[in-house]
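Some notes on the structure that comes next.
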Amino acid sequence: MRYLARRLGLLLLTGWAALTVNFVLPRLMPGDPIQVMFARFQGRLNPAAANALKIAFGLKTNQSIFAQYFTYLGHTLTGRLGFSLTYFPEKVTTLIGQALPWTLGLVGFATVVAFIVGTAMGALAAWHRGSALDSIMVPTGVMLSAMPVFWIGLLVLYVFAFKLGWFPVGGGATGGQGLASVSGFGAIISHAALPAITLTAVSLGGYIILMRNTTITVLNDDFVKFARAKGLPDRVVASRYAARNAILPNFTSFALALGFVVAGAIFIEYVFDYPGIAYLLYQAVTSLDYPLMQGIFLVIVLGVLIANFLADLLYVLLDPRIRVEARS
Amino acid sequence: MRALLHNRRALAGAGILVFFSLVAIFAPEIAPYSPNDINFVPMLGVSAKHLLGTTPQGQDVFSQLVYGSRDSLEVGAITATVISLIQLVMGVFSGYVGGWVDAVLSSITNIFLVLPGLVLLIVITSYATNKSLGVIIGVLAITGWAWGARVLRSQAIALRDRPFIEAARMSGERPWHIAVFNIVPNMFGILVANFFGAALYAVLAEAGLNFLGLGNVNEVSWGTMLYWAQSANAMLLGQWIYLLVPGLCILALGTGFGLLNFAVDEVADPRLRRNEPAPAKATVAPSLGLVGPPGELVDEGAGLSPGRG
């Protein structure tokens with residue numbers, strides 16, 4: 001359990017760091033971004049809201065910076081993220097709540113599918129190392145990880161939605177159908193197809209390369225040689241011996257891979273006008289809606305932290321050595 | 001080094017890099033017009049006078065493309081240098097010194113590793129009222145160093161207990177002397193691989209920021225070209241070349257950095273090489289004629305580039 005306790009500690013530490021970054025950045029940055037924001041929304045807020053905002057950003061208060069910090073921590077931890085400026089009087093939490101399911105679907109699908117497909121492709125390339133397959137797979141992996149997501153997204157949108165008309169051009173779902181109805185569900189799938197496939201494709205690269213390299217390393221290990229010498233069929237050696245061990249580093253680098261997918265999702269949602277949280281983030285950033293931006297930042301970080309922790313839990317299940325170390 | 005010269009991927013990557021460097025250096029000679037010249041007929045198609053047409057603002061697309069290579073190369077090279085330095089200091093200190101220094105530094109590294117880089121990047125740039133190249137590079141460096149530092153740290157830990165380091169310690173060398181002259185040279189391969197990984201990250205992330213219009217939109221770069229193309233609906237107006245070529249250039253340069261990252265990693269890690277058993281001469285740093293015997297290295301997946309952050 002020491003392993004899990006350490007991971008939990010990291011989760012809390014990172015969560016605190018993110019909260020603090022959110023508090024410190026607007027107060028620290030040169031050029032006084034908060035004043036710029038107020039100038040922009042001058043007269044569009046009612047006095048009570050403007051006052052609340054000034055207190056939140058430490059402008060109109062005789063509290064010390066530490067007192068402000070603890071007030072901020074208290075508010076955030078109890079879910080009081082304030083009001084959006086562009087969508088006033090909508091609460092930040094309401095807006096995030098509406099956008100979040102879209103992003104969870106997109107990112108969740110891409111993460112899981114890219115992991116499975118990319119890992120399989122990498123293992124295959126390593127097993128047939130030096131073959132034509134391998135020499136195609138490596139440059140493919142490298143090119144996929146060098147792919148500007150926004151650009152490929154635009155091309156995909158142009159070809160498959162605009163020119164060929166196979167998919168809708170953008171948005172989450174057309175018409176007023178409820179999410180529960182069959183046609184509503186169909187619309188959601190047809191709108192999600194292009195963004196999800198594109199995001200999955202560009203997320204493959206890292207997994208292909210990592211899995212290929214770790215598998216090659218494992219294939220040289222003595223226990224694999226011994227398994228072969230015992231006369232076990234290739235299929236068993238490849239799956240139960242090589243892949244079973246090579247897959248572990250994919251979990252330790254999960255944080256990196258997830259960062260990759262999240263970054264991709266930001267561009268994908270922007271390009272496809274997908275009504276998720278990253279699209280909302282973009283709108284908040286371009287309209288200087290700092291309360292909304294801060295809220296989204298925290299929610300994304302929280303989501304990433306939880307996903308990482310789940311990956312750590314899976315890792316414990318997959319690697320018996322961790323469990324042994326934990327018991328002793 | 002010699003192994004790299006026989007590596008097809010390394011050669012391809014280096015070729016791409018040399019090509020774009022030459023384009024950037026000789027941009028004034030190659031480009032027919034100034035990239036900021038807006039005195040042409042807007043939205044022209046491909047012609048002998050305008051190889052890739054003109055933009056909706058009346059600039060020559062080809063000239064913009066040529067000059068745009070400067071921005072990406074500059075950002076890639078400078079950011080990767082800064083990131084490498086941070087990684088080196090954090091990784092070596094953390095791994096070699098150990099104890100509470102390690103506990104503090106690797107906690108910081110882990111925090112930065114888990115925080116989604118691009119989101120942090122967007123948040124910081126949105127507060128920044130001054131979006132000069134220096135600011136952008138600084139923010140890219142802050143968000144992109146963590147993974148490499150972790151790889152270097154585990155490498156430093158592996159080296160710390162090796163006999164030749166032990167010997168240096170026994171013979172009374174001062175710790176910083178051992179770190180600089182014995183540890184660092186033996187991480188050279190990983191450092192170089194990480195450098196190219198960081199350059200890939202920087203080029204992609206900067207182009208992405210510019211595309212979203214969060215950088216300086218008046219600077220000529222591939223990312224801003226895409227931003228203007230997108231905001232003018234270039235594709236729907238039949239100006240698809242304007243959208244196609246900057247992205248292709250980003251992809252090509254990124255692939256160049258990615259191939260070099262992969263190839264150096266492959267050469268530096270003897271277990272990934274094709275013709276094993278590896279000749280002792282060709283292992284990581286010792287092949288460069290530096291201190292320390294060759295030997296196996298701890299692998300923590302240095303092959304995966306630090307990603308889009």
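Labeling convention for the structure tokens: chains A, B, ... as they appear, residues from 1 per chain, ligands from 1 in order of appearance.
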Tell me, as a PyMOL selection string, which residues lie within 7 Å of region 150-160 of chain A, counting only C-alpha atoms; anything in the same chain fewer than 5 positions away does not count.
(chain A and resi 165-167+169+198+267-268+271) or (chain B and resi 247)
Can you list every residue of chain A that has an atom at most 6 Å from chain B, with its nearest atom pair and the distance in Å to one decimal, using only C-alpha atoms, ordered by chain then number, as CSV?
```
residue,atom,partner,partner_atom,distance
A:Thr14,CA,B:Ile111,CA,5.2
A:Gly31,CA,B:Thr129,CA,5.7
A:Pro33,CA,B:Tyr127,CA,5.6
A:Val142,CA,B:Gly258,CA,5.7
A:Met143,CA,B:Thr255,CA,5.3
A:Ala146,CA,B:Gly254,CA,4.8
A:Met147,CA,B:Leu251,CA,5.4
A:Trp151,CA,B:Gly247,CA,5.8
A:Gly206,CA,B:Leu304,CA,5.8
A:Leu210,CA,B:Leu304,CA,5.7
A:Thr217,CA,B:Arg271,CA,5.9
A:Ala255,CA,B:Val114,CA,5.5
A:Gly259,CA,B:Pro116,CA,4.9
A:Phe260,CA,B:Arg308,CA,5.4
A:Ala263,CA,B:Leu118,CA,5.6
A:Val285,CA,B:Ser126,CA,5.9
```
Written file, previous selection with N, CA and C atoms, as a PDB file, in the first residue's frame:
```
ATOM      1  N   THR A  14      -0.353  17.685  -6.315  1.00  0.00           N
ATOM      2  CA  THR A  14      -0.557  18.314  -7.619  1.00  0.00           C
ATOM      3  C   THR A  14      -1.839  19.128  -7.627  1.00  0.00           C
ATOM      4  N   GLY A  31       1.759  43.528 -16.358  1.00  0.00           N
ATOM      5  CA  GLY A  31       0.776  44.101 -17.273  1.00  0.00           C
ATOM      6  C   GLY A  31      -0.623  44.089 -16.702  1.00  0.00           C
ATOM      7  N   PRO A  33      -3.261  41.837 -15.843  1.00  0.00           N
ATOM      8  CA  PRO A  33      -4.336  41.264 -16.651  1.00  0.00           C
ATOM      9  C   PRO A  33      -5.727  41.475 -16.062  1.00  0.00           C
ATOM     10  N   VAL A 142       6.343   8.063 -35.709  1.00  0.00           N
ATOM     11  CA  VAL A 142       7.026   9.356 -35.543  1.00  0.00           C
ATOM     12  C   VAL A 142       6.210  10.466 -36.194  1.00  0.00           C
ATOM     13  N   MET A 143       5.687  10.185 -37.396  1.00  0.00           N
ATOM     14  CA  MET A 143       4.922  11.216 -38.086  1.00  0.00           C
ATOM     15  C   MET A 143       3.628  11.540 -37.343  1.00  0.00           C
ATOM     16  N   ALA A 146       4.278  13.815 -34.654  1.00  0.00           N
ATOM     17  CA  ALA A 146       4.683  15.155 -35.097  1.00  0.00           C
ATOM     18  C   ALA A 146       3.545  15.861 -35.817  1.00  0.00           C
ATOM     19  N   MET A 147       2.366  15.253 -35.801  1.00  0.00           N
ATOM     20  CA  MET A 147       1.233  15.781 -36.568  1.00  0.00           C
ATOM     21  C   MET A 147       0.635  17.000 -35.880  1.00  0.00           C
ATOM     22  N   TRP A 151      -4.280  21.149 -37.763  1.00  0.00           N
ATOM     23  CA  TRP A 151      -4.197  21.143 -39.222  1.00  0.00           C
ATOM     24  C   TRP A 151      -4.845  19.892 -39.803  1.00  0.00           C
ATOM     25  N   GLY A 206       2.697   7.895 -30.011  1.00  0.00           N
ATOM     26  CA  GLY A 206       3.508   7.664 -28.825  1.00  0.00           C
ATOM     27  C   GLY A 206       3.454   6.213 -28.361  1.00  0.00           C
ATOM     28  N   LEU A 210       6.646   3.665 -28.097  1.00  0.00           N
ATOM     29  CA  LEU A 210       7.012   3.200 -26.759  1.00  0.00           C
ATOM     30  C   LEU A 210       6.880   1.681 -26.655  1.00  0.00           C
ATOM     31  N   THR A 217      13.239  -4.541 -26.069  1.00  0.00           N
ATOM     32  CA  THR A 217      14.074  -4.724 -24.882  1.00  0.00           C
ATOM     33  C   THR A 217      13.705  -6.025 -24.166  1.00  0.00           C
ATOM     34  N   ALA A 255       0.723   9.495 -17.732  1.00  0.00           N
ATOM     35  CA  ALA A 255       0.536  10.933 -17.534  1.00  0.00           C
ATOM     36  C   ALA A 255       0.905  11.692 -18.800  1.00  0.00           C
ATOM     37  N   GLY A 259      -1.670  13.745 -21.290  1.00  0.00           N
ATOM     38  CA  GLY A 259      -1.418  15.146 -21.618  1.00  0.00           C
ATOM     39  C   GLY A 259      -1.502  15.367 -23.118  1.00  0.00           C
ATOM     40  N   PHE A 260      -0.974  14.427 -23.843  1.00  0.00           N
ATOM     41  CA  PHE A 260      -1.000  14.418 -25.300  1.00  0.00           C
ATOM     42  C   PHE A 260      -2.434  14.439 -25.825  1.00  0.00           C
ATOM     43  N   ALA A 263      -4.257  17.711 -24.915  1.00  0.00           N
ATOM     44  CA  ALA A 263      -3.819  18.786 -25.795  1.00  0.00           C
ATOM     45  C   ALA A 263      -4.467  18.637 -27.166  1.00  0.00           C
ATOM     46  N   VAL A 285     -10.740  32.157 -22.926  1.00  0.00           N
ATOM     47  CA  VAL A 285      -9.429  32.783 -23.073  1.00  0.00           C
ATOM     48  C   VAL A 285      -9.498  33.962 -24.030  1.00  0.00           C
TER      49      VAL A 285
END
```
Spatial neighbours of Val61 (chain B), max dist 7 Å, only C-alpha atoms, sep filter under 5 positions, as a PyMOL selection string:
chain B and resi 52-55+242
Contacts of Leu77 (chain A) at 12 Å or less, counting only C-alpha atoms, minus same-chain residues fewer than 3 places along, as an NGL selection string?
:A and (15-16 or 19 or 70-74 or 80-81 or 295 or 298-299 or 302)
Within 8 Å of Phe195 (chain B) using only C-alpha atoms, minus same-chain residues under 6 positions, as a ChimeraX atom specification
/B:80-81,83-84,261
Could you please take those selected residues and save all heavy atoms as a compact mmCIF listing (two decimals), in the first residue's frame?
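Result file part21.txt:
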```txt
# COMPACT_ATOMS: atom_id res chain seq x y z
N ALA B 80 14.40 24.11 -26.94
CA ALA B 80 15.01 22.82 -26.63
C ALA B 80 16.28 23.00 -25.81
O ALA B 80 16.58 22.21 -24.91
CB ALA B 80 15.30 22.06 -27.92
N THR B 81 17.04 24.05 -26.10
CA THR B 81 18.26 24.30 -25.32
C THR B 81 17.91 24.61 -23.87
O THR B 81 18.49 24.05 -22.93
CB THR B 81 19.05 25.48 -25.93
OG1 THR B 81 19.22 25.24 -27.32
CG2 THR B 81 20.39 25.64 -25.26
N ILE B 83 15.14 23.89 -22.28
CA ILE B 83 14.57 22.70 -21.64
C ILE B 83 15.66 21.71 -21.26
O ILE B 83 15.66 21.15 -20.16
CB ILE B 83 13.53 22.04 -22.58
CG1 ILE B 83 12.25 22.89 -22.61
CG2 ILE B 83 13.19 20.63 -22.12
CD1 ILE B 83 11.14 22.30 -23.46
N SER B 84 16.63 21.50 -22.15
CA SER B 84 17.71 20.55 -21.86
C SER B 84 18.48 20.97 -20.63
O SER B 84 18.87 20.14 -19.80
CB SER B 84 18.66 20.46 -23.06
OG SER B 84 18.00 19.89 -24.15
N ASN B 261 15.13 12.18 -32.69
CA ASN B 261 14.88 11.74 -31.32
C ASN B 261 14.89 10.21 -31.25
O ASN B 261 15.56 9.61 -30.42
CB ASN B 261 13.53 12.32 -30.85
CG ASN B 261 13.00 11.67 -29.58
OD1 ASN B 261 12.36 10.62 -29.64
ND2 ASN B 261 13.28 12.27 -28.45
```
Neighbours of Phe93 (chain B) within 10 Å (only C-alpha atoms; same-chain residues fewer than 4 positions away dropped), as JSON, numbers by chain?
{"B": [87, 88, 89, 97, 98, 101, 102, 105, 106, 152, 153, 156, 176, 179]}
Residue with smallest distance to Ser190 (chain A) - pool A:Gly231, A:Pro47, A:Gly108, A:Pro168, counting only C-alpha atoms
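Closest candidate: A:Pro168.
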Hey, what's within 8 Å of Ala31 (chain B) if we count only C-alpha atoms and toss same-chain stuff fewer than 3 positions away? As a PyMOL selection string, please?
chain B and resi 27-28+34+62-63+66-67
Which of region 87-197 of chain B end up as alpha helix (DSSP H) when DSSP is run on this backbone - answer as a PyMOL selection string?
chain B and resi 87-92+99-114+117-127+133-144+146-160+163-170+175-178+188-197
Residue among A:Val149, A:Tyr241, A:Leu12, A:Ile197 lying closest to Arg228 (chain A), counting only C-alpha atoms
A:Tyr241
